[in-house]
Structures are given as C-alpha cells and as structure tokens.
Amino acid sequence: MKKKTFPAPNDSSAERKRLKESDAHIKHWMRWGPYLSERQWATVREDYSGDGDAWRFFPHDHARSRVYRWGEDGLAGLSDNHQRLCVSLALWNGKDNILKERLYGLTNHEGNHGEDVKELYYYLDNTPTHSYMKYLYKYPQAAFPYDQLVRESAGRSRVQPEYELIDTGIFSEDKYFDVFVEYAKDGLDQDDILIKITAHNRGPQEAPVHIIPQFWFRNTWVWFPEGEVKVPSLQKKGDLVIEADHDSLGKRWVHFEAVAGAGPDLIFTNNETNEQKVFNNVNKCPYAKDAFHEYVVNGNQAAVNQKDHRGTKAAGVYKFEKVPAGGKVEVRVRMNKKPPGPAGKGQAAPGVVAAEFERVIQERIKESDDFYNQLAHKDLAPDLKLIQRQALAGMLWSKQFYHFDQRSWRKGDPIGPPPPPERTNLRNKEWKHMYVDDILSMPDKWEYPFFAAWDMAFHTIPLSLVDPTFAKRQLDLLTREWYMHPSGQIPAYEWNFSDVNPPVHAWATLQVYKNEERLYGKTDDLFLERVFQKLLLNFTWWVNRKDTEGNNVFEGGFLGLDNIGLFNRSEPLPNGATLRQADGTSWMAFFSLCMLHIALELAKKNKAYEDIASKFLEHFFHISDAMTYHSGSEEKSLWDSEDKFFYDSISWPGGHTQRLKTRSLVGLIPLFSTLALDPEYVDLFPGFKKRLDWLLAYRERTRPARVFKKEDTNENGSIFLALVDQTMLREVLKRLLDENEFLSPFGIRSLSKYHKDHPMSMWMNEQEFRVDYLPAESDSGMFGGNSNWRGPIWLPTTYLLVSCLKRFHYFYGPDFKVECPTGSGIMKNLEEVAWEIEIRLVKLVGRNKQGQRAANGGVDKTDKDPYFKDLVLFYEYFDAESGKGLGASHQTGWTGLLAVLVHQVGTKCGQS
C-alpha cells in the first residue's frame with residue numbers, strides 16, 4: 001500500500017537531540033517524568049480484602065493517612081522512573097476540611113455511572129523527554145463540596161447525567177484559582193529540575209491560598225521489617241534547602257525561593273501510616289503521612305517534626321493571605337544534585353535565582369513550541385494545532401510508574417493483619433509470574449490508573465508520532481515473559497488479567513513500525529521480530545483457548561465492547577447456549593492478516609518467514625470459511641442475506657440456532673479484516689507466492705476463498721484479502737452511512753439508531769434480555785455501568801473502521817463510489833468516505849462557528865469563558881447525538897487518536 005506522508009521532523013531540534021541522546025543511553029532524559037499516579041487509593045494493587053472490593057478497602061478518606069505499598073499519587077506529580085522520590089503540589093484555601101493533595105472522585109459504588117473524578121484539571125503541554133511540562137488545576141476558593149457531590153450523585157439514576165463539579169455552581173462567580181504547575185529541565189543536566197507554581201486569582205475579590213510543594217520517598221522499607229532496605233531521608237539544610245538522600249538514587253538538594261511575607265516554612269514528617277486514625281492502633285512513629293494536613297488545616301504544630309527537621313516526607317509551605325482580585329502569586333523550587341553554599345568549581349548551587357529560572361523555562365517553552373510546530377501541518381488552523389498539542393500532552397502526562405509483584409501481593413500485607421483466607425481464591429490467582437516495574441501508558445491516571453492491554457495498543461499510535469521508542473517499548477513489554485502468561489495470553493487489566501480483549505496488538509505493532517519508517521526513514525526490524533515471535537504464542541493461545549469446538553468460530557469474553565450485546569459475554573449463557581460471535585471470528589481474521597503482513601515484512605531479510613506468512617494465509621482462509629458454518633446438516637452464516645448485515649448467532653443444545661439481530665459494531669467489525677498484496681510486493685517472496693498460487697487454485701475447486709483480484713497492467717494483478725466482497729461491502733456501507741442508523745454528526749454510533757424505535761429483546765428462563773439505543777450513558781450496571789457500547793461514539797473502533805475503508809479504497813480505486821450520507825445523492829469514493837467520518841470525529845472537540853466544542857456538552861462556561869475556552873478534555877466516549885464527552889474525562893489514551901486524525905484531515909476540516 002502507498003505510504004502516508006507526514007511532515008519530516010527536524011533532527012537538529014533541541015528536543016529531537018534529547019530523544020536521540022536518550023535512545024543511545026548517552027543521557028537519561030527520561031529518569032524524571034510525570035510518572036506519579038492521579039489515584040493510587042482503591043486500586044487492585046492496594047486491595048488486601050477478603051471480598052475483592054478495592055473501593056471500600058482503601059477509600060479516599062484513608063489516602064492522606066495510610067501508606068501505599070505499590071505506588072504513590074499526588075496532584076500534578078513528578079517522580080523518578082522507579083518512583084523512589086516523588087514531587088507533587090498541595091493546596092489549601094483556608095476553608096477546605098481536607099488539604100488538597102490529590103484529586104477527588106466518587107467510587108464505583110457512589111457514582112451513578114461508576115467511578116468518576118470530580119475535579120477540573122488539564123494537561124496543557126509536555127515534551128517526549130519531559131524537558132517541559134505544564135499542568136492546570138482549577139482550585140475553588142469556597143470549601144470543596146465533597147458531601148454535595150456524593151449526596152447529589154447518590155440521588156441520581158443511571159438514566160440521569162453525572163453531577164459534575166462545575167454543576168455545583170462553585171465556579172459561577174469565578175471565585176477560583178487557576179494554578180499552573182510547570183516543570184522544566186536544565187538544557188544540559190537531566191537531573192536539574194525547575195518547578196514553577198503560579199496561582200491566578202480569577203475572582204472578583206482578594207482571597208488566600210497556601211501553595212505547598214511536597215517531596216517524599218515512596219515507602220519501600222516498611223515491607224521488609226528485617227531491615228533489608230535502608231530508610232532514606234529528607235533533612236533541612238538551612239532555611240531554604242532540603243537534602244534528599246536515597247540509597248540507590250543518591251543525593252539531591254531541593255532549593256526553595258524565599259517569598260517576602262509568604263515563606264517558605266519547611267516542614268517534615270514520615271511517609272508512614274497513621275495507625276491510630278486508620279486502624280485504632282498505637283502509632284509506632286510520632287510523625288505520620290497526614291501530618292501536613294494536621295499542621296496546615298488543623299493547626300496542629302506537634303504533627304510535624306520540629307525537633308530535628310527530618311523525615312521521609314517534606315514540604316515548603318507558602319502562605320499567601322491576600323491574593324488580589326485578578327492578581328497572581330508565584331513559587332519557584334529547584335531540585336538538583338548541587339549542594340547549597342558559595343559557588344565554586346561548578347559544584348555548589350546558589351539557590352533559586354529568579355532571572356536564571358525564567359530564562360531556562362522560556363528556553364524549554366520555545367523548544368516545545370518548535371517541536372510541535374514541526375509536527376503540525378503549516379496550514380492547520382490554530383484551534384486544531386491547540387487540540388493536537390493538548391492531545392499529545394495528555395498522552396505524555398498519562399505515563400505512570402506501575403509496580404506489581406503478584407507473588408508478594410498474594411501473601412498479603414506484611415504490616416497489616418493476616419490476609420483473610422478468602423483471598424486464596426480471589427482474582428488473578430493464575431498469574432503468579434506477574435512482576436511489573438515499568439513506566440506504562442495509562443488509559444486515565446485517575447479513573448483507570450492501570451494498564452489495559454487493548455487500550456495501550458491504540459495509545460501507541462499517537463505516541464509513535466512524538467516518541468517511537470516509548471511506543472515500541474509499550475508493545476514489547478506486554479509480550480515479555482514477566483507479563484505474558486506462559487499459555488500465551490496477554491494480561492487484560494488489573495481487575496481481571498484473564499479477561500479477553502480484542503487481539504489488536506499485532507495491528508498496533510505494524511502501525512508503529514510503519515509510522516517510524518514514514519516519519520523518520522528507518523525501520524526497527526529487531527522490534528518487529530521480537531514482538532512477532534511472542535505474538536505467535538498469543539495467537540496459539542487464542543486458537544487453543546477461545547475456539548472450543550475447533551471450528552474457527554471464536555467465542556467468549558466481552559472483547560472490549562462491554563455491554564454491546566444481549567448477554568454478558570464473559571459469563572456462561574442461559575440454558576447451556578453458546579454464542580457464535582461475528583466480531584470474535586472477525587477479530588481473529590484481522591489478527592491473522594496482521595501477522596501475515598508482519599511475516600512478509602520480516603521475510604524481506606529472512607526468507608524463513610515466508611513459510612510463516614503462508615501459515616497465516618491458511619489461518620485466514622479457515623477463519624473466513626467459519627463465517628459460514630454447519631448446524632447439524634444445515635449450513636448457516638453470520639451474514640444475513642435478507643438484512644444484508646452480520647449478526648451474532650446463538651446455539652442451543654440439540655442444534656437449534658438463531659441470529660441475534662442487533663445492528664451494532666459487531667456487524668461492522670468484519671470490515672476490519674483487509675490486506676492488499678500488490679504484485680511487485682508478492683514477487684519479493686517467491687516461496688510465499690508459490691504457496692499462494694497453489695492455495696488459490698486448490699480452493700477454487702473446493703470452497704470460495706475471501707480473495708479478490710484486480711487486473712491491471714501487471715500480468716498477475718493485485719490480490720485483496722477480505723471477509724466481505726463488493727456486494728456485501730456496499731450493503732454494509734448503506735447502513736454505516738445512514739444518518740438514521742450508524743452515521744452520527746460526530747462519527748459512528750456503536751449501535752444503530754434503528755434500535756431507538758425497534759429495541760432487540762429475547763426472553764429466556766422468564767427473564768428479558770434487551771438492547772435499546774442509548775446514545776449517551778448506560779442504563780444498566782453491566783460491567784460496572786461506567787461505559788456504554790449501545791450507541792455512543794468510541795474512537796478506537798471508529799479509527800480502525802476508517803483505516804480499513806482506506807485499504808478498501810486502495811484496492812478498488814477512485815471509481816468505486818457509494819452514497820454518503822445514504823439518501824443524500826452525494827457519491828464519494830471510500831477515501832472520501834473515510835475523510836468524512838474523520839472530520840466528524842474532529843468536530844467532537846473542534847470549536848465551531850458559535851465558539852462551542854461539542855464535547856463540552858453545551859456549557860457556556862467551558863465554551864465561552866476566556867479562561868476555559870481553549871482547554872480541551874479528551875473523554876472516554878461521546879454522546880452520539882450531541883457529541884458530549886462521557887466516561888473518563890482524561891482518557892487521552894485512545895481518544896488521543898484525535899491527534900492523529902488532526903494530522904490526517906485537519907486541513908480539510910472547515911468550521912460548521
């Protein structure tokens with residue numbers, strides 16, 4: 001297939017040089033980054049309960065007082081790549097009853113649509129080496145409405161929208177602070193970190209604020225009571241300096257700027273559990289984790305260590321009693337390896353010098369501007385440049401240190417009570433080999449602060465635009481022996497490693513490989529081969545474990561689409577029934593073609609891979625045959641020749657089968673399986689070509705293959721592998737492009753709007769199973785009720801859809817046209833159809849002529865206010881009718897694909 005063209009990056013740019021130094025291990029530019037989670041409490045890793053209810057075992061109220069075992073969290077945080085030393089912001093407005101150290105949100109039990117962060121924060125900028133990062137937190141000046149958020153949410157049903165912080169009216173009079181946190185690295189020293197915190201009073205009156213930069217060591221020592229781990233220390237070294245000493249990280253010094261009348265007041269405690277508060281036990285240590293809350297909010301002077309001014313957690317407290325209306329205050333802190341004292345021999349640091357500080361920050365900002373300006377098309381509208389940059393900033397801010405040792409976790413908490421015996425049979429017991437200690441791309445650092453395998457595959461596509469090395473590492477990690485199960489299964493996500501996600505890893509691997517070639521003119525064959533070898537194991541697992549009857553019809557698992565069908569596909573069906581999944585079988589055909597394509601790429605340099613390519617060609621044929629199957633003596637098909645659509649089929653013992661006529665993404669996924677093989681490409685592989693010719697000749701005598709030929713000036717013509725022929729494609733596209741079915745003003749609905757007036761229903765065991773068109777939130781608690789595939793728009797599947805339409809266009813050419821939208825009389829080729837869908841997706845976040853962003857849900861404050869209108873949130877999914885953002889509000893993971901879409905069609909996006 002022809003290659004896309006991307007703007008060539010400038011290898012001489014400062015950020016690109018840093019990336020090259022990092023890749024060559026010349027300088028460890030990645031040692032420090034935004035690796036601190038937004039939420040560590042209520043995660044599976046911190047759950048030592050007997051019933052597996054992580055939300056209740058470690059609630060938000062414990063987070064400030066109870067030590068974590070596997071990670072840390074904080075507001076606008078930074079840490080080293082093993083999360084030994086952590087940095088974050090704490091704030092107090094003089095009215096809150098909790099020191100604001102971390103983001104607040106509702107648990108899965110409290111939210112009417114599951115877990116839900118209740119804060120306003122934005123990822124504004126970030127470079128791949130994290131040489132410059134910018135974060136915005138909107139901090140109300142009134143007391144934070146914790147109780148109001150819980151109470152109102154509890155009173156709402158699933159059919160009602162979520163009650164958000166902005167709905168409380170707390171921002172209505174602009175009585176809040178815009179708190180910007182900036183991190184900048186010195187241009188020559190990767191361990192020299194400059195931290196600038198600026199609080200703007202947007203309100204009409206003066207208001208107080210405490211700004212408290214915090215530094216602490218992750219508690220690793222308490223888990224080894226025999227003293228195997230040396231306890232690090234933070235100690236005061238003068239009025240403006242703290243010395244940080246860690247056994248493996250070495251020494252660092254934190255230098256604070258003095259601000260007249262405001263501080264800092266350097267305070268110290270220990271990152272240890274307040275046993276008395278949490279467990280009603282006697283404290284072993286007089287200074288506990290929640291000491292700063294006690295000191296600042298409750299005025300408890302004895303809570304902090306004022307005796308020898310040391311501990312494992314420290315902070316500088318700046319008290320601004322009166323920030324004028326419209327005014328601002330600034331705090332500067334610098335952390336490096338330079339001890340305090342008079343300058344000399346390049347070793348000593350003179351402290352924070354404001355002019356030097358600002359010079360370094362401005363240099364990093366300019367370099368970040370240069371980096372992203374090179375990436376963006378020169379003709380791109382300013383608003384779309386802003387969207388692309390914030391999407392990629394969110395991708396980079398969502399990198400998180402993730403630590404988990406399954407064997408240690410299963411033994412229980414060594415400093416807590418003995419684990420209840422019920423934990424023996426809790427989740428993930430089959431994954432004893434799991435040991436993770438890596439920087440991973442998170443779907444959302446508050447709502448989903450854990451890796452999710454199929455999410456991560458999509459993350460790597462936008463990440464490969466800015467940092468191919470990190471993108472490749474993400475794909476490689478999930479196939480390494482300390483992640484992948486010995487059986488070949490890739491872990492799904494921490495709530496259930498054994499769940500089943502769509503097999504998109506091979507596709508993502510190939511996309512990242514090709515993106516690096518297009519952008520940077522080089523190919524990483526070692527990466528491609530390494531991942532491919534492990535994916536062979538994963539493919540075998542799928543064949544052995546998810547095709548129970550050996551008929552190439554794959555079943556079981558929700559395949560990432562949560563509540564899309566009548567039944568919970570991760571659980572046994574009623575009456576012993578089995579489900580023949582059109583999407584499950586199609587995903588495997590897609591997997592086969594991706595593996596075939598990778599094998600051919602590898603065969604360019606190693607002919608042995610031609611044999612493997614032939615093997616996956618045969619797999620594709622077998623799986624494509626399974627779209628038609630036998631029920632007793634009768635031949636059945638997942639293609640409905642009357643409705644002209646693909647449906648799941650349910651089978652009961654005894655041989656009776658029935659199609660489940662739900663018009664959903666399930667029926668569109670068969671389009672994904674496509675691969676064009678040009679004659680000149682096939683000629684590179686004589687062994688594969690010989691096998692291909694034989695198979696085609698043999699199958700013409702036995703069973704029709706899903707192989708299509710296009711005769712052209714070449715003697716052999718092009719070959720196209722697909723699950724659908726031209727007739728089927730046209731029929732499916734009629735529904736896909738019908739605005740009364742799948743085509744929304746903002747993309748592709750996950751369920752046809754047809755079901756608004758024609759719900760799908762089935763009665764079994766005196767119970768009704770029903771699917772209604774729900775364009776926004778789910779009205780069901782299936783899968784926790786925090787996502788919905790019965791109508792809303794989702795970026796990952798839509799991105800795969802437009803990609804496959806472009807592959808169809810490549811084969812059929814510009815003369816193959818369809819009506820778009822259906823019934824409009826406008827004929828478009830398939831590339832133009834793909835553009836149309838991509839442009840509609842960009843409209844989710846792009847500003848229209850009325851100054852509105854659809855994702856904002858029609859809220860004037862976020863659309864029109866000068867301090868909101870340029871801030872973009874990248875939601876988990878979107879209302880199919882209004883475009884309103886739904887689910888996790890910072891799922892810049894797969895919704896970060898908008899950065900790629902802006903890259904591809906941004907210059908075609910006119911304002912509506």
# chains A, B, ... in the order shown; residues from 1 in each chain; ligands from 1
$ select_by_dssp --residues "segment 711-845 of chain A" --states "helix (DSSP H, G or I)" --output "VMD selection string"
chain A and resid 726 to 736 753 to 756 782 to 785 795 to 812 830 to 842
$ residues_around --residues "segment 857-870 of chain A" --least-positions-apart "6" --cutoff "8 Å" --atoms "only C-alpha atoms" --output "list in words"
Leu386, Gly851, Ser882, Gly883, Lys884 and Gly885 of chain A
$ residues_around --residues "Pro449 of chain A" --least-positions-apart "2" --cutoff "8 Å" --atoms "only C-alpha atoms" --output "list in words"
Ser37, Glu38, Arg39, Gln40, Thr43, Gln400, Met442, Pro443, Asp444, Lys445, Trp446, Glu447 and Phe451 of chain A
$ closest_residue --among "A:Pro821, A:Pro670, A:Gly893, A:Pro324" --to "Arg706 of chain A" --atoms "only C-alpha atoms"
A:Pro670
$ closest_residue --among "A:Lys289, A:Arg156, A:Lys284, A:His109" --to "His62 of chain A" --atoms "only C-alpha atoms"
A:Lys289
